[in-house]
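Below is one structure, written out as structure tokens; the observations come after it.
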Amino acid sequence: MHARLRMERPWEVLIVEDDAQTRAFLARCVDADPRLALAGSVGTRSEALVRLAECATPLDAMLVDLGLPDGSGLDLIAHAAEHRPACESIVVSVFGDESTVLAAIEAGAVGYLHKDAGMPDVAEAVLAVKAGGSPISPGIARRVLARCRAAPAGSRPATGPGVQAPAPRLSQRETEVLELIARGYSYAETARRQGVSLHTVQAHIKSLYAKLAVHSKSEAVYEASRLGLLAPPPR
Amino acid sequence: MTPAGAAPGPIARAAHGRRRLPWRTRSPWRGTARPSWLLGAALFVLLAVAAASQAIAGRGGADPRAPTTLLELREAEASVDIDGARHTLRAALPYHWDRRHPGSAGSARFVIDFALDEVPEVPWAAFIGRVGNAYEIRLNDLLLSRAGELDVPDDADFAKVPKLMTIPVGLLRQANRLELLIRADVGRRAGLAPIVLGPETTVRSVHDSASRFRVRGSMVVVAVSLLAGVIALMLWLTQVDGDARGRPRRDALYLYAWGAELCFALRMSDALIERPPLSWPAWNAVTTGALGGWVGCLTLFCMVLVDQDRVRSSAWRRALPALAIASGAAAGFASVAWARPMVLTAWQGVLAVACIVFCIAYLVRTVRNPAPMQRLVAAALVLNVAVGLRDWAVFRLSDAYGHDTLLRYTALAFGLSLGYIAIQRFRTATSQARELLANLSDRVAERESALAESHRQYDVLSREQARVGERERILRDMHDGVGSSLSAAIRQLQGGQVGSDAVVATLRDALDRLKLSIDAMSVPPGDVVALLANLRHRLEPRLVGAGLALEWEVSEMAPVARFDAEAMRVLQSLVLEAVSNVLQHAGANTLRIEAEEVATGPRVRIIDDGRGFDASTRGPRAIAARAGTLHARLAVDGTPGRTTVEIVLPRAVP
């Protein structure tokens, strides 16, 4: 299905980045790849919300910086996940540190990108996400595992303000995959050790992303609205 | 009121048709004991005495069901034998031998003729309040009752218990003769009380009433006294306090209470013992000595309550009970053995005066400066002195005969006082213990809050310390890592001799170091696997960029408990250094990283297939220094084609 769509048109990418140079660099990266098309390039959260609401063409991906001048990128991600389900959010982070990335995943992001990434890496990140793959660091894998072990799935029914997101329910295979990734193994090595295809491992990770986001979207939205970051839903 | 057709002779006043017995109207102590000398404070005591006296004296009229026909015989023809001489006289009853014949022993025969209007058709009975010491009673020449040996002086005393004799139908006639023989010992309250005749049921109730007070009352008093004595002795044995110098000390109060109760029980038991174990003079010495002991012990009981130390330090005070016992025994013996009743009367008089003086002094002391419980004991003291004087007057001075002492009942006030004192002391001790406990828990709470405060301060300090440590660590990272890389990049740009690729590489290195520093904050302390995995995650792009194939073999291992954040930073630098060496100097194609648990702890190996080096001369000094910091065992093998840097991280440091 991805292949068929890609033949018809390039992926439409929205860039939300307050630093002009980086924004321009990212735009160049998108422009440079024929499989991608630049749907827009904005520097603030409010502009991004307008684009998300008004853009007539379908949006396929959003490269979003978390530290925007008029708010956090997290609520943009949550907003997009809710109103533009087809639009997959990729966080652009300087450090790609665990806390930032995990928060973005919980808000609904499906991937992340380092700001110092090279030009081909940016395009590859978008294409990989659209192809069904999501990156995950060993640190994040370890934290997700630790959360699942500390609170077995289903044991934390309460959600809401001040409550840590409940642990996602992981299958046995997902847990094994996460354990290998937490020990530093690559997707390919993990697939080999598990005797499955690389695509299966990627599917597991994507599924994990979805679980993390489903379980915590309400918290992310609540948190964003509490901080006054969330604009009223577009009419 | 003399019955018609009465036989000539000494016919007693017959009290036909009278509800009240004649003796009830005559309360023998009324004219003799005058308690007006007592202090006003003791008024209630007198009221109590009067009430008790009335209750006991009024025993005969207590039963409203008593029939109206009772005959009281109050006169007799007496023939008295003393030392072989016989006197005949008409005697009024009661006949009190000790008053009529002080200091003499002997025998007497009383003959009472009395007439009846009608011969009774129901059984009658005769009641005599006191007769003896030994006696034989005949009615119309038929033996009614006999007790004791008439011919053996100072033998058993059967006068103590009230007598009831049943008179069968047919024995009484219109004209009757009652004949009584008695043996009288010196000073033993021998004699004959008035005789009450009437239908058996009525007379029996009179007898029972008298018996209840004299016999059963005495038994109760003796039992209570013995019980109180046992309790006092137990208290004395078990309640041991320390004195000022910490030596164990018993409370003499209980000892004297025990002595008093024991003496009193002995004295009172005399009323129940008809056959004493000793001959009369010796037994009289015992009972009189017991009375002295009771008074002596009670005096000390009262004194100890005020000031125990004063009693303890005064030999003559402590000798009081012994003195009283000895003098009482001597007086009791002398009065009988030497036939001098006045000796006993005088001894009792002296005792009474001493008691009055003590009582007044004690009252004054109590009013001025009462010790705890002293008021109660003072009241008991006044009561007993008053009643004791009344008894003394009745028994030693008046002609009263067949009466009971009241002291036996009022003496119980001391036993009750003792009980009250013991209870109060227990309550005080309990309340003190409770206060002590509360005090203790207050102090514990105080200490706990102080401890909590010091914990809080410690927490604040250690948080501050941790913050300072973290700041130092970040500064060091900035300085060694990012700072030095940025400086290098600036020099490269200023020098203008290197290409932009080299500058980019330097800056990338700076960013990588920065990322690693940030990651180090997230890696759980001691988790070597997480640290290695993270390093790979960060360094992989560079390894790929350098065309270096990576082999990864890392097992799951438990964290090293002794590693803190700083140790993790050092370990990260160590591994990074080793990998950088491979990247920069080894010219290797493959980098292999292994990690597994060995006997002593996690073992990490960094292996490459590069050109190798002479480990003995060109050892990686920075790596060795860092390994030393971690107490890790470092082994370097620089064989070309397989260079190995091995680090073992012992879980326990020797």
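How things are named: the first chain in the structure tokens is A, the next is B, and so on; residues count from 1 in each chain; ligands count from 1 in the order shown.
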Chain B contacts on chain A, only C-alpha atoms, 12 Å, as a VMD selection string: chain A and resid 93 to 100 114 to 118 121 135 to 143 146 179 to 190 193
Residues flagged strand (DSSP E or B) by DSSP in range 12-222 of chain A, as a VMD selection string: chain A and resid 12 to 16 36 to 42 61 to 65 67 to 68 71 to 72 88 to 93 111 to 114
Restricting it to C-alpha atoms, dump the selection as a tab-separated table (two decimals), in the first residue's frame.
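Generated file (out.tsv):
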chain	number	residue	atom	x	y	z
A	12	GLU	CA	3.99	15.65	2.12
A	13	VAL	CA	6.19	16.87	4.98
A	14	LEU	CA	5.49	19.77	7.36
A	15	ILE	CA	8.52	21.28	9.13
A	16	VAL	CA	8.10	23.02	12.51
A	36	LEU	CA	9.36	13.79	-0.38
A	37	ALA	CA	7.54	17.08	-0.86
A	38	LEU	CA	7.59	20.12	1.41
A	39	ALA	CA	4.05	20.87	2.61
A	40	GLY	CA	5.14	23.77	4.72
A	41	SER	CA	7.87	25.17	6.90
A	42	VAL	CA	6.96	27.21	9.99
A	61	ALA	CA	4.81	13.58	8.17
A	62	MET	CA	5.70	16.38	10.49
A	63	LEU	CA	9.28	17.16	11.58
A	64	VAL	CA	8.79	19.01	14.83
A	65	ASP	CA	11.11	20.70	17.30
A	67	GLY	CA	11.26	23.83	22.07
A	68	LEU	CA	9.14	26.30	20.12
A	71	GLY	CA	5.00	26.51	23.38
A	72	SER	CA	5.98	22.89	23.37
A	88	GLU	CA	3.30	10.90	11.48
A	89	SER	CA	5.31	13.07	13.82
A	90	ILE	CA	9.11	12.90	13.99
A	91	VAL	CA	10.81	14.82	16.76
A	92	VAL	CA	13.87	16.84	15.88
A	93	SER	CA	16.05	16.79	18.95
A	111	GLY	CA	10.33	8.63	15.42
A	112	TYR	CA	13.05	11.05	16.23
A	113	LEU	CA	15.86	12.77	14.41
A	114	HIS	CA	19.07	14.36	15.65
Å distance separating CA of Val598 in chain B from CA of Arg651 in chain B, one decimal place: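 Computed distance, CA of Val598 in chain B to CA of Arg651 in chain B, equals 10.4 Å.
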Who sits within 12 Å of Leu543 in chain B, only C-alpha atoms, same chain under 2 positions skipped, as a PyMOL selection string: chain B and resi 535-541+545-551+579-580+582-584+588-592
Would you mind exporting the chosen residues as a compact mmCIF listing (two decimals), in the first residue's frame, restricted to N, CA, C and O atoms?
# COMPACT_ATOMS: atom_id res chain seq x y z
N LEU B 535 26.54 3.47 24.73
CA LEU B 535 27.77 3.84 24.00
C LEU B 535 27.67 3.40 22.54
O LEU B 535 28.01 4.15 21.61
N ARG B 536 27.19 2.18 22.38
CA ARG B 536 27.07 1.69 21.01
C ARG B 536 26.11 2.56 20.21
O ARG B 536 26.38 2.94 19.07
N HIS B 537 24.97 2.86 20.85
CA HIS B 537 23.95 3.66 20.19
C HIS B 537 24.53 4.99 19.72
O HIS B 537 24.25 5.46 18.62
N ARG B 538 25.39 5.58 20.56
CA ARG B 538 25.93 6.90 20.23
C ARG B 538 27.09 6.81 19.24
O ARG B 538 27.29 7.70 18.40
N LEU B 539 27.88 5.73 19.38
CA LEU B 539 29.12 5.69 18.59
C LEU B 539 28.95 4.98 17.25
O LEU B 539 29.82 5.08 16.38
N GLU B 540 27.85 4.26 17.10
CA GLU B 540 27.70 3.45 15.89
C GLU B 540 27.87 4.26 14.59
O GLU B 540 28.57 3.82 13.67
N PRO B 541 27.27 5.47 14.52
CA PRO B 541 27.45 6.23 13.28
C PRO B 541 28.93 6.48 12.97
O PRO B 541 29.34 6.41 11.81
N GLY B 545 30.95 5.13 9.96
CA GLY B 545 31.67 6.12 9.15
C GLY B 545 33.13 5.72 8.95
O GLY B 545 33.72 5.99 7.90
N ALA B 546 33.71 5.07 9.95
CA ALA B 546 35.11 4.68 9.87
C ALA B 546 35.28 3.35 9.15
O ALA B 546 36.39 2.83 9.03
N GLY B 547 34.18 2.75 8.72
CA GLY B 547 34.24 1.50 8.00
C GLY B 547 34.61 0.33 8.89
O GLY B 547 35.17 -0.67 8.45
N LEU B 548 34.29 0.46 10.14
CA LEU B 548 34.66 -0.58 11.12
C LEU B 548 33.44 -1.46 11.39
O LEU B 548 32.38 -0.96 11.76
N ALA B 549 33.62 -2.77 11.18
CA ALA B 549 32.52 -3.69 11.47
C ALA B 549 32.47 -3.94 12.98
O ALA B 549 33.51 -4.07 13.62
N LEU B 550 31.27 -4.01 13.47
CA LEU B 550 31.11 -4.18 14.93
C LEU B 550 30.51 -5.54 15.24
O LEU B 550 29.51 -5.94 14.66
N GLU B 551 31.15 -6.26 16.13
CA GLU B 551 30.57 -7.49 16.65
C GLU B 551 30.17 -7.24 18.10
O GLU B 551 30.98 -6.73 18.88
N VAL B 579 37.72 2.46 22.80
CA VAL B 579 37.13 2.42 21.46
C VAL B 579 37.78 3.49 20.57
O VAL B 579 38.08 3.26 19.39
N SER B 580 38.02 4.67 21.15
CA SER B 580 38.65 5.74 20.39
C SER B 580 40.04 5.33 19.92
O SER B 580 40.46 5.62 18.79
N VAL B 582 41.01 2.37 19.23
CA VAL B 582 40.85 1.47 18.09
C VAL B 582 40.55 2.29 16.83
O VAL B 582 41.14 2.06 15.76
N LEU B 583 39.62 3.26 17.00
CA LEU B 583 39.22 4.08 15.86
C LEU B 583 40.41 4.85 15.30
O LEU B 583 40.60 4.94 14.08
N GLN B 584 41.23 5.39 16.21
CA GLN B 584 42.25 6.33 15.75
C GLN B 584 43.57 5.66 15.39
O GLN B 584 44.26 6.10 14.49
N ALA B 588 42.04 -1.11 12.36
CA ALA B 588 41.37 -2.41 12.38
C ALA B 588 40.19 -2.44 11.44
O ALA B 588 39.68 -1.40 11.00
N ASN B 589 39.78 -3.64 11.09
CA ASN B 589 38.58 -3.83 10.28
C ASN B 589 37.35 -4.17 11.15
O ASN B 589 36.23 -3.88 10.80
N THR B 590 37.63 -4.85 12.22
CA THR B 590 36.53 -5.32 13.06
C THR B 590 36.78 -4.92 14.51
O THR B 590 37.90 -5.06 15.03
N LEU B 591 35.74 -4.47 15.12
CA LEU B 591 35.77 -4.19 16.57
C LEU B 591 34.76 -5.13 17.22
O LEU B 591 33.62 -5.22 16.80
N ARG B 592 35.25 -5.84 18.25
CA ARG B 592 34.34 -6.76 18.93
C ARG B 592 34.23 -6.33 20.39
O ARG B 592 35.25 -6.09 21.06
Å distance separating CA of Ala105 in chain B from CA of Ala400 in chain B, one decimal place: 19.5 Å
